[in-house]
Amino acid sequence: MRTVYCLSIATLFAACVPGLPAGELDPQSTGAAGANGAGAGGMSAGGHAAAPGSGSGGSAGTPVMCDPGCVPAPGCSNPVASPSPVSGLETACTTVDPFDGRDGGWYVAASDNTLITPSPGSEFQVTCTGAAGSCFSACITGKLSGSGYPWAMLGIALRKDARAYDMSRYRAISFFVTGSVGTNSNLSFRVPQVADTMVGTGDGACTQGCFDSYMTPLFDFRPQPVDWWEPRQIEFTELHQQGFGTPEPWDPTRVISLQWQVSANTETVVNEPFKLCVDQVDLVP
């Protein structure tokens with residue numbers, strides 16, 4: 001593991017690749033490069049977000065991978081197809097399922113001093129264990145560390161190049177999740193939109209008070225038994241901004257990505273371990 005700081009692009013695509021000009025797309029990636037700017041805010045006590053931190057440097061998209069580098073469990077199989085699958089990962093690729101105009105992919109990001117595996121900038125591979133007897137899932141592990149409410153994040157860009165996606169035909173998202181967070185951390189689900197995504201990142205239109213995306217905390221997420229996956233369904237009516245950024249209306253026609261973020265709920269933590277795995281992500285009409 002290595003320390004990585006992903007900046008304005010951190011809420012969209014992770015792979016901190018120095019030297020790529022702002023706005024230039026890595027041709028082998030699912031995301032656009034980001035300009036110098038502020039990092040995404042973490043979670044403070046009570047579920048409120050800390051102000052974004054500052055930094056420098058750009059980011060490119062996470063390369064598409066279809067080699068898991070591991071052997072799936074004997075007897076695993078593809079789950080029953082859902083009405084609108086986003087990503088079941090059963091192709092072993094880090095791209096989303098090509099359904100309803102979606103063509104993006106998975107990515108990871110972390111704040112400064114937080115250790116995360118796989119690290120942003122490395123090849124992100126699926127993990128050879130899945131929910132509901134399936135073969136693969138998306139996982140990150142590591143340790144939150146630093147000040148400014150450190151965080152780590154696993155996400156899905158619904159469109160490549162950080163383009164907006166129309167999600168208005170859906171009312172909820174369902175997924176399976178497993179893992180653990182520390183006593184000073186929380187897990188949240190987030191839906192960045194065009195209005196809170198920084199200019200220079202795909203269709204992002206935000207110039208100030210950015211990163212205050214619609215979200216909901218999952219305060220009851222705690223260590224789970226081995227091989228046990230928890231099904232979740234989140235209605236979009238449950239989502240809200242946290243209040244540290246520019247207010248914006250909920251606009252499901254202008255969604256950039258879906259995110260699962262582990263965040264410290266104290267200003268400073270040191271080496272607080274976490275594990276997060278997500279699988280069978282579906283949009284619910």
# chains A, B, ... in the order shown; residues from 1 in each chain; ligands from 1
>>> residues_around(residues="segment 96-100 of chain A", least_positions_apart="6", cutoff="10 Å", atoms="only C-alpha atoms", output="JSON, numbers by chain")
{"A": [83, 84, 85, 86, 87, 88, 89, 90, 106, 156, 157, 158, 159, 160, 165, 166, 167, 281, 282]}
>>> atom_distance(atom1="atom CA of Met153 of chain A", atom2="atom CA of Pro231 of chain A")
19.2 Å
>>> closest_residue(among="A:Tyr107, A:Tyr149, A:Phe274, A:Phe236", to="Ser174 of chain A", atoms="only C-alpha atoms")
A:Phe236
>>> closest_residue(among="A:Ile116, A:Ala164, A:Ala132, A:Ala172", to="Gly101 of chain A", atoms="only C-alpha atoms")
A:Ala164
>>> closest_residue(among="A:Gln193, A:Thr94, A:Gln280, A:Thr201", to="Ser82 of chain A", atoms="only C-alpha atoms")
A:Gln280
>>> residues_around(residues="Pro249 of chain A", least_positions_apart="4", cutoff="10 Å", atoms="only C-alpha atoms", output="NGL selection string")
:A and (193 or 195 or 214 or 240-241)
>>> write_last_selection(atoms="C-alpha atoms", output="mmCIF file, in the first residue's frame")
data_model
loop_
_atom_site.group_PDB
_atom_site.id
_atom_site.type_symbol
_atom_site.label_atom_id
_atom_site.label_comp_id
_atom_site.auth_asym_id
_atom_site.auth_seq_id
_atom_site.Cartn_x
_atom_site.Cartn_y
_atom_site.Cartn_z
ATOM 1 C CA GLN A 193 -24.241 15.422 -9.537
ATOM 2 C CA ALA A 195 -23.838 20.831 -9.858
ATOM 3 C CA TYR A 214 -26.464 14.101 -2.011
ATOM 4 C CA HIS A 240 -29.651 14.933 1.247
ATOM 5 C CA GLN A 241 -26.811 17.431 1.140
#
>>> select_by_dssp(residues="segment 44-279 of chain A", states="strand (DSSP E or B)", output="number ranges by chain")
A: 49, 54, 63, 85-87, 95, 105-110, 115-117, 127, 137-147, 151-157, 165, 172-180, 185-191, 193, 198, 206, 214-218, 230-235, 240, 255, 257-264, 268-279
>>> atom_distance(atom1="atom CA of Thr268 of chain A", atom2="atom CA of Asn113 of chain A")
11.1 Å
>>> closest_residue(among="A:Val270, A:Asp279, A:Thr246, A:Cys66", to="Thr129 of chain A", atoms="only C-alpha atoms")
A:Asp279
>>> select_by_dssp(residues="segment 98-166 of chain A", states="helix (DSSP H, G or I)", output="list in words")
Ala131, Ala132, Gly133, Lys160, Asp161 and Ala162 of chain A
